[in-house]
$ cat my_file-v7.pdb   # PDB, C-alpha atoms
ATOM      1  CA  MET V   1       0.761  83.025  30.973  1.00  0.00           C
ATOM      2  CA  SER V   2      -2.536  84.830  30.887  1.00  0.00           C
ATOM      3  CA  ALA V   3      -3.239  87.580  33.416  1.00  0.00           C
ATOM      4  CA  LYS V   4      -6.941  86.675  33.531  1.00  0.00           C
ATOM      5  CA  PRO V   5      -7.975  84.466  36.452  1.00  0.00           C
ATOM      6  CA  VAL V   6      -9.336  81.054  35.484  1.00  0.00           C
ATOM      7  CA  SER V   7     -12.714  79.790  36.657  1.00  0.00           C
ATOM      8  CA  SER V   8     -14.941  76.882  35.651  1.00  0.00           C
ATOM      9  CA  ALA V   9     -17.089  79.435  33.800  1.00  0.00           C
ATOM     10  CA  ASN V  10     -14.246  80.326  31.401  1.00  0.00           C
ATOM     11  CA  ARG V  11     -14.639  78.926  27.915  1.00  0.00           C
ATOM     12  CA  TRP V  12     -11.907  78.386  25.342  1.00  0.00           C
ATOM     13  CA  ARG V  13     -11.937  77.637  21.639  1.00  0.00           C
ATOM     14  CA  SER V  14      -9.326  77.012  19.005  1.00  0.00           C
ATOM     15  CA  ARG V  15      -8.334  79.829  16.734  1.00  0.00           C
ATOM     16  CA  ALA V  16      -9.844  79.803  13.242  1.00  0.00           C
ATOM     17  CA  PRO V  17      -8.691  76.727  11.298  1.00  0.00           C
ATOM     18  CA  ASP V  18      -7.139  78.870   8.552  1.00  0.00           C
ATOM     19  CA  GLU V  19      -4.794  80.454  11.122  1.00  0.00           C
ATOM     20  CA  ILE V  20      -2.927  77.183  11.760  1.00  0.00           C
ATOM     21  CA  VAL V  21      -1.226  74.986   9.174  1.00  0.00           C
ATOM     22  CA  TRP V  22      -0.634  71.414  10.365  1.00  0.00           C
ATOM     23  CA  PHE V  23       2.152  69.047   9.368  1.00  0.00           C
ATOM     24  CA  ASP V  24       2.234  65.412  10.460  1.00  0.00           C
ATOM     25  CA  ILE V  25       5.696  64.302  11.579  1.00  0.00           C
ATOM     26  CA  ALA V  26       4.564  61.048  13.150  1.00  0.00           C
ATOM     27  CA  PRO V  27       4.150  60.532  15.988  1.00  0.00           C
ATOM     28  CA  ASP V  28       3.985  64.297  16.602  1.00  0.00           C
ATOM     29  CA  PHE V  29       2.736  67.364  14.757  1.00  0.00           C
ATOM     30  CA  VAL V  30       4.010  70.741  13.692  1.00  0.00           C
ATOM     31  CA  ALA V  31       1.633  73.695  13.867  1.00  0.00           C
ATOM     32  CA  PHE V  32       2.546  76.835  11.958  1.00  0.00           C
ATOM     33  CA  HIS V  33       0.607  79.759  13.425  1.00  0.00           C
ATOM     34  CA  ARG V  34       0.128  82.148  10.501  1.00  0.00           C
ATOM     35  CA  PRO V  35      -0.662  85.341  12.462  1.00  0.00           C
ATOM     36  CA  SER V  36       2.506  85.126  14.575  1.00  0.00           C
ATOM     37  CA  GLY V  37       4.702  83.361  12.039  1.00  0.00           C
ATOM     38  CA  LYS V  38       5.749  80.924  14.765  1.00  0.00           C
ATOM     39  CA  THR V  39       6.071  77.163  14.546  1.00  0.00           C
ATOM     40  CA  HIS V  40       5.107  74.861  17.414  1.00  0.00           C
ATOM     41  CA  PHE V  41       5.836  71.168  17.950  1.00  0.00           C
ATOM     42  CA  LEU V  42       2.859  69.381  19.541  1.00  0.00           C
ATOM     43  CA  ASN V  43       1.931  65.856  20.517  1.00  0.00           C
ATOM     44  CA  ALA V  44      -1.139  64.007  19.232  1.00  0.00           C
ATOM     45  CA  ALA V  45      -3.222  64.849  22.315  1.00  0.00           C
ATOM     46  CA  SER V  46      -2.584  68.566  21.840  1.00  0.00           C
ATOM     47  CA  LYS V  47      -3.542  68.358  18.162  1.00  0.00           C
ATOM     48  CA  LEU V  48      -6.751  66.530  19.054  1.00  0.00           C
ATOM     49  CA  LEU V  49      -7.557  69.180  21.646  1.00  0.00           C
ATOM     50  CA  LEU V  50      -7.029  71.998  19.133  1.00  0.00           C
ATOM     51  CA  THR V  51      -8.652  70.406  16.078  1.00  0.00           C
ATOM     52  CA  ASP V  52     -11.538  68.515  17.665  1.00  0.00           C
ATOM     53  CA  THR V  53     -12.351  69.276  21.294  1.00  0.00           C
ATOM     54  CA  LEU V  54     -12.088  73.072  21.080  1.00  0.00           C
ATOM     55  CA  ILE V  55     -13.805  73.637  17.720  1.00  0.00           C
ATOM     56  CA  GLU V  56     -16.746  74.985  19.731  1.00  0.00           C
ATOM     57  CA  PRO V  57     -16.247  76.991  22.935  1.00  0.00           C
ATOM     58  CA  ALA V  58     -15.919  74.700  25.957  1.00  0.00           C
ATOM     59  CA  ASN V  59     -15.422  75.188  29.680  1.00  0.00           C
ATOM     60  CA  LEU V  60     -12.928  73.277  31.796  1.00  0.00           C
ATOM     61  CA  PRO V  61     -15.334  70.510  32.951  1.00  0.00           C
ATOM     62  CA  SER V  62     -16.442  69.913  29.341  1.00  0.00           C
ATOM     63  CA  ILE V  63     -12.860  69.797  28.071  1.00  0.00           C
ATOM     64  CA  LEU V  64     -11.787  67.367  30.777  1.00  0.00           C
ATOM     65  CA  GLY V  65     -14.819  65.176  30.110  1.00  0.00           C
ATOM     66  CA  ALA V  66     -14.173  65.110  26.374  1.00  0.00           C
ATOM     67  CA  ILE V  67     -10.504  64.164  26.588  1.00  0.00           C
ATOM     68  CA  SER V  68     -10.673  61.792  29.534  1.00  0.00           C
ATOM     69  CA  SER V  69     -13.353  59.477  28.095  1.00  0.00           C
ATOM     70  CA  GLY V  70     -14.125  58.473  31.650  1.00  0.00           C
ATOM     71  CA  SER V  71     -10.613  57.181  32.285  1.00  0.00           C
ATOM     72  CA  VAL V  72      -9.660  60.021  34.630  1.00  0.00           C
ATOM     73  CA  ASP V  73     -11.647  61.392  37.543  1.00  0.00           C
ATOM     74  CA  GLU V  74     -12.537  64.880  36.299  1.00  0.00           C
ATOM     75  CA  THR V  75     -12.538  66.228  39.846  1.00  0.00           C
ATOM     76  CA  VAL V  76      -8.869  65.465  40.417  1.00  0.00           C
ATOM     77  CA  GLU V  77      -7.332  68.843  41.168  1.00  0.00           C
ATOM     78  CA  ASP V  78      -3.917  68.046  39.700  1.00  0.00           C
ATOM     79  CA  TYR V  79      -5.476  67.006  36.395  1.00  0.00           C
ATOM     80  CA  GLN V  80      -7.546  70.202  36.295  1.00  0.00           C
ATOM     81  CA  GLN V  81      -4.504  72.305  37.109  1.00  0.00           C
ATOM     82  CA  GLN V  82      -2.452  70.669  34.364  1.00  0.00           C
ATOM     83  CA  MET V  83      -5.200  71.413  31.840  1.00  0.00           C
ATOM     84  CA  ILE V  84      -5.412  75.036  32.989  1.00  0.00           C
ATOM     85  CA  VAL V  85      -1.650  75.428  32.568  1.00  0.00           C
ATOM     86  CA  MET V  86      -1.828  73.934  29.074  1.00  0.00           C
ATOM     87  CA  LEU V  87      -4.797  76.115  28.036  1.00  0.00           C
ATOM     88  CA  GLU V  88      -3.072  79.244  29.340  1.00  0.00           C
ATOM     89  CA  HIS V  89       0.102  78.268  27.476  1.00  0.00           C
ATOM     90  CA  PHE V  90      -1.841  77.694  24.247  1.00  0.00           C
ATOM     91  CA  GLU V  91      -3.578  81.023  24.854  1.00  0.00           C
ATOM     92  CA  SER V  92      -0.210  82.797  25.185  1.00  0.00           C
ATOM     93  CA  LEU V  93       0.877  81.206  21.881  1.00  0.00           C
ATOM     94  CA  GLY V  94      -2.304  82.373  20.145  1.00  0.00           C
ATOM     95  CA  LEU V  95      -3.524  78.821  19.487  1.00  0.00           C
ATOM     96  CA  VAL V  96      -6.671  79.180  21.635  1.00  0.00           C
ATOM     97  CA  GLU V  97      -8.718  82.089  22.893  1.00  0.00           C
ATOM     98  CA  ARG V  98     -11.107  82.641  25.778  1.00  0.00           C
ATOM     99  CA  VAL V  99     -14.597  83.534  24.713  1.00  0.00           C
TER     100      VAL V  99
END
$ encode --input "my_file-v7.pdb" --output "structure tokens"
Amino acid sequence: MSAKPVSSANRWRSRAPDEIVWFDIAPDFVAFHRPSGKTHFLNAASKLLLTDTLIEPANLPSILGAISSGSVDETVEDYQQQMIVMLEHFESLGLVERV
């Protein structure tokens, strides 16, 4: 996990599109991260997050709003915490970066 503390002011974005090669293995996806040479198995929601939601830098409230489509209360602490854990994990894998 990242050593940097997380706040609502933090913004994340996906790594450059040419750094990740995607393979569709329905219903999931394989992401080959070129810089590290590592392969990651991801679900459809994770792929959408990395290839759509985080194309431009976004903070936690924006990310939660974009992926919830109003179906989840964005103020729910557990939901926010789960997203922080996922973003920090993706950051440790090199799939996203804080900007």
$ atom_distance --input "my_file-v7.pdb" --atom1 "CA of Phe32 (chain V)" --atom2 "CA of Leu87 (chain V)"
17.7 Å
$ resolve_selection --input "my_file-v7.pdb" --expression "the PyMOL selection byres ((chain V and resi 27) around 10)" --output "PyMOL selection string"
chain V and resi 24-26+28-29+42-44
$ atom_distance --input "my_file-v7.pdb" --atom1 "CA of Ile63 (chain V)" --atom2 "CA of Trp12 (chain V)"
9.1 Å
$ atom_distance --input "my_file-v7.pdb" --atom1 "CA of Gly94 (chain V)" --atom2 "CA of Gly37 (chain V)"
10.8 Å
$ resolve_selection --input "my_file-v7.pdb" --expression "the PyMOL selection byres ((chain V and resi 61) around 12)" --output "ChimeraX atom specification"
/V:7-12,57-60,62-68,73-77,79-81,83-84
$ decode --input "my_file-v7.pdb" --residues "region 12-45 of chain V" --atoms "N, CA and C atoms" --output "PDB file, in the first residue's frame"
ATOM      1  N   TRP V  12      -6.380  10.886  -8.602  1.00  0.00           N
ATOM      2  CA  TRP V  12      -5.732   9.753  -9.258  1.00  0.00           C
ATOM      3  C   TRP V  12      -6.049   9.796 -10.741  1.00  0.00           C
ATOM      4  N   ARG V  13      -5.180   9.166 -11.526  1.00  0.00           N
ATOM      5  CA  ARG V  13      -5.468   8.947 -12.940  1.00  0.00           C
ATOM      6  C   ARG V  13      -4.814   7.634 -13.351  1.00  0.00           C
ATOM      7  N   SER V  14      -5.354   7.074 -14.410  1.00  0.00           N
ATOM      8  CA  SER V  14      -4.771   5.858 -14.969  1.00  0.00           C
ATOM      9  C   SER V  14      -3.419   6.179 -15.560  1.00  0.00           C
ATOM     10  N   ARG V  15      -2.590   5.157 -15.617  1.00  0.00           N
ATOM     11  CA  ARG V  15      -1.307   5.310 -16.303  1.00  0.00           C
ATOM     12  C   ARG V  15      -1.591   5.492 -17.791  1.00  0.00           C
ATOM     13  N   ALA V  16      -0.592   5.918 -18.537  1.00  0.00           N
ATOM     14  CA  ALA V  16      -0.754   6.139 -19.974  1.00  0.00           C
ATOM     15  C   ALA V  16      -1.304   4.875 -20.640  1.00  0.00           C
ATOM     16  N   PRO V  17      -2.249   5.039 -21.558  1.00  0.00           N
ATOM     17  CA  PRO V  17      -2.868   3.871 -22.202  1.00  0.00           C
ATOM     18  C   PRO V  17      -1.873   2.911 -22.857  1.00  0.00           C
ATOM     19  N   ASP V  18      -0.754   3.418 -23.347  1.00  0.00           N
ATOM     20  CA  ASP V  18       0.215   2.527 -23.999  1.00  0.00           C
ATOM     21  C   ASP V  18       1.033   1.716 -22.999  1.00  0.00           C
ATOM     22  N   GLU V  19       0.851   1.960 -21.699  1.00  0.00           N
ATOM     23  CA  GLU V  19       1.555   1.181 -20.681  1.00  0.00           C
ATOM     24  C   GLU V  19       0.825  -0.110 -20.317  1.00  0.00           C
ATOM     25  N   ILE V  20      -0.454  -0.215 -20.702  1.00  0.00           N
ATOM     26  CA  ILE V  20      -1.259  -1.379 -20.332  1.00  0.00           C
ATOM     27  C   ILE V  20      -1.864  -1.996 -21.592  1.00  0.00           C
ATOM     28  N   VAL V  21      -1.649  -3.285 -21.754  1.00  0.00           N
ATOM     29  CA  VAL V  21      -2.255  -4.033 -22.857  1.00  0.00           C
ATOM     30  C   VAL V  21      -3.394  -4.857 -22.278  1.00  0.00           C
ATOM     31  N   TRP V  22      -4.596  -4.697 -22.854  1.00  0.00           N
ATOM     32  CA  TRP V  22      -5.785  -5.374 -22.341  1.00  0.00           C
ATOM     33  C   TRP V  22      -6.142  -6.588 -23.176  1.00  0.00           C
ATOM     34  N   PHE V  23      -6.595  -7.635 -22.498  1.00  0.00           N
ATOM     35  CA  PHE V  23      -7.113  -8.832 -23.141  1.00  0.00           C
ATOM     36  C   PHE V  23      -8.458  -9.154 -22.502  1.00  0.00           C
ATOM     37  N   ASP V  24      -9.448  -9.395 -23.325  1.00  0.00           N
ATOM     38  CA  ASP V  24     -10.792  -9.725 -22.851  1.00  0.00           C
ATOM     39  C   ASP V  24     -10.902 -11.240 -22.706  1.00  0.00           C
ATOM     40  N   ILE V  25     -11.114 -11.689 -21.480  1.00  0.00           N
ATOM     41  CA  ILE V  25     -11.345 -13.117 -21.219  1.00  0.00           C
ATOM     42  C   ILE V  25     -12.694 -13.240 -20.511  1.00  0.00           C
ATOM     43  N   ALA V  26     -13.712 -12.813 -21.213  1.00  0.00           N
ATOM     44  CA  ALA V  26     -15.066 -12.676 -20.675  1.00  0.00           C
ATOM     45  C   ALA V  26     -15.356 -13.714 -19.590  1.00  0.00           C
ATOM     46  N   PRO V  27     -15.883 -13.283 -18.491  1.00  0.00           N
ATOM     47  CA  PRO V  27     -16.390 -11.945 -18.184  1.00  0.00           C
ATOM     48  C   PRO V  27     -15.337 -11.013 -17.577  1.00  0.00           C
ATOM     49  N   ASP V  28     -14.103 -11.448 -17.478  1.00  0.00           N
ATOM     50  CA  ASP V  28     -13.058 -10.647 -16.846  1.00  0.00           C
ATOM     51  C   ASP V  28     -12.053 -10.145 -17.875  1.00  0.00           C
ATOM     52  N   PHE V  29     -10.993  -9.518 -17.374  1.00  0.00           N
ATOM     53  CA  PHE V  29      -9.978  -8.934 -18.242  1.00  0.00           C
ATOM     54  C   PHE V  29      -8.589  -9.216 -17.691  1.00  0.00           C
ATOM     55  N   VAL V  30      -7.645  -9.277 -18.605  1.00  0.00           N
ATOM     56  CA  VAL V  30      -6.243  -9.389 -18.247  1.00  0.00           C
ATOM     57  C   VAL V  30      -5.585  -8.078 -18.648  1.00  0.00           C
ATOM     58  N   ALA V  31      -4.801  -7.520 -17.732  1.00  0.00           N
ATOM     59  CA  ALA V  31      -4.055  -6.298 -18.009  1.00  0.00           C
ATOM     60  C   ALA V  31      -2.571  -6.618 -17.890  1.00  0.00           C
ATOM     61  N   PHE V  32      -1.851  -6.447 -18.981  1.00  0.00           N
ATOM     62  CA  PHE V  32      -0.401  -6.619 -18.950  1.00  0.00           C
ATOM     63  C   PHE V  32       0.211  -5.237 -18.808  1.00  0.00           C
ATOM     64  N   HIS V  33       0.893  -5.016 -17.692  1.00  0.00           N
ATOM     65  CA  HIS V  33       1.517  -3.730 -17.390  1.00  0.00           C
ATOM     66  C   HIS V  33       2.940  -3.749 -17.956  1.00  0.00           C
ATOM     67  N   ARG V  34       3.135  -3.069 -19.073  1.00  0.00           N
ATOM     68  CA  ARG V  34       4.419  -3.115 -19.774  1.00  0.00           C
ATOM     69  C   ARG V  34       5.611  -2.691 -18.920  1.00  0.00           C
ATOM     70  N   PRO V  35       5.531  -1.573 -18.189  1.00  0.00           N
ATOM     71  CA  PRO V  35       6.719  -1.155 -17.423  1.00  0.00           C
ATOM     72  C   PRO V  35       7.196  -2.185 -16.397  1.00  0.00           C
ATOM     73  N   SER V  36       6.271  -2.876 -15.751  1.00  0.00           N
ATOM     74  CA  SER V  36       6.678  -3.853 -14.728  1.00  0.00           C
ATOM     75  C   SER V  36       6.809  -5.256 -15.287  1.00  0.00           C
ATOM     76  N   GLY V  37       6.189  -5.506 -16.441  1.00  0.00           N
ATOM     77  CA  GLY V  37       6.186  -6.848 -16.999  1.00  0.00           C
ATOM     78  C   GLY V  37       5.242  -7.782 -16.278  1.00  0.00           C
ATOM     79  N   LYS V  38       4.343  -7.227 -15.466  1.00  0.00           N
ATOM     80  CA  LYS V  38       3.419  -8.048 -14.682  1.00  0.00           C
ATOM     81  C   LYS V  38       2.039  -8.096 -15.328  1.00  0.00           C
ATOM     82  N   THR V  39       1.368  -9.203 -15.096  1.00  0.00           N
ATOM     83  CA  THR V  39       0.022  -9.426 -15.606  1.00  0.00           C
ATOM     84  C   THR V  39      -0.951  -9.425 -14.439  1.00  0.00           C
ATOM     85  N   HIS V  40      -2.093  -8.777 -14.639  1.00  0.00           N
ATOM     86  CA  HIS V  40      -3.109  -8.661 -13.590  1.00  0.00           C
ATOM     87  C   HIS V  40      -4.459  -9.107 -14.142  1.00  0.00           C
ATOM     88  N   PHE V  41      -5.205  -9.860 -13.333  1.00  0.00           N
ATOM     89  CA  PHE V  41      -6.549 -10.278 -13.690  1.00  0.00           C
ATOM     90  C   PHE V  41      -7.527  -9.338 -12.994  1.00  0.00           C
ATOM     91  N   LEU V  42      -8.404  -8.691 -13.779  1.00  0.00           N
ATOM     92  CA  LEU V  42      -9.316  -7.683 -13.245  1.00  0.00           C
ATOM     93  C   LEU V  42     -10.742  -7.945 -13.700  1.00  0.00           C
ATOM     94  N   ASN V  43     -11.684  -7.491 -12.889  1.00  0.00           N
ATOM     95  CA  ASN V  43     -13.089  -7.611 -13.276  1.00  0.00           C
ATOM     96  C   ASN V  43     -13.490  -6.428 -14.156  1.00  0.00           C
ATOM     97  N   ALA V  44     -14.702  -6.469 -14.675  1.00  0.00           N
ATOM     98  CA  ALA V  44     -15.179  -5.433 -15.596  1.00  0.00           C
ATOM     99  C   ALA V  44     -15.227  -4.056 -14.937  1.00  0.00           C
ATOM    100  N   ALA V  45     -15.607  -4.006 -13.664  1.00  0.00           N
ATOM    101  CA  ALA V  45     -15.671  -2.707 -12.974  1.00  0.00           C
ATOM    102  C   ALA V  45     -14.284  -2.073 -12.856  1.00  0.00           C
TER     103      ALA V  45
END
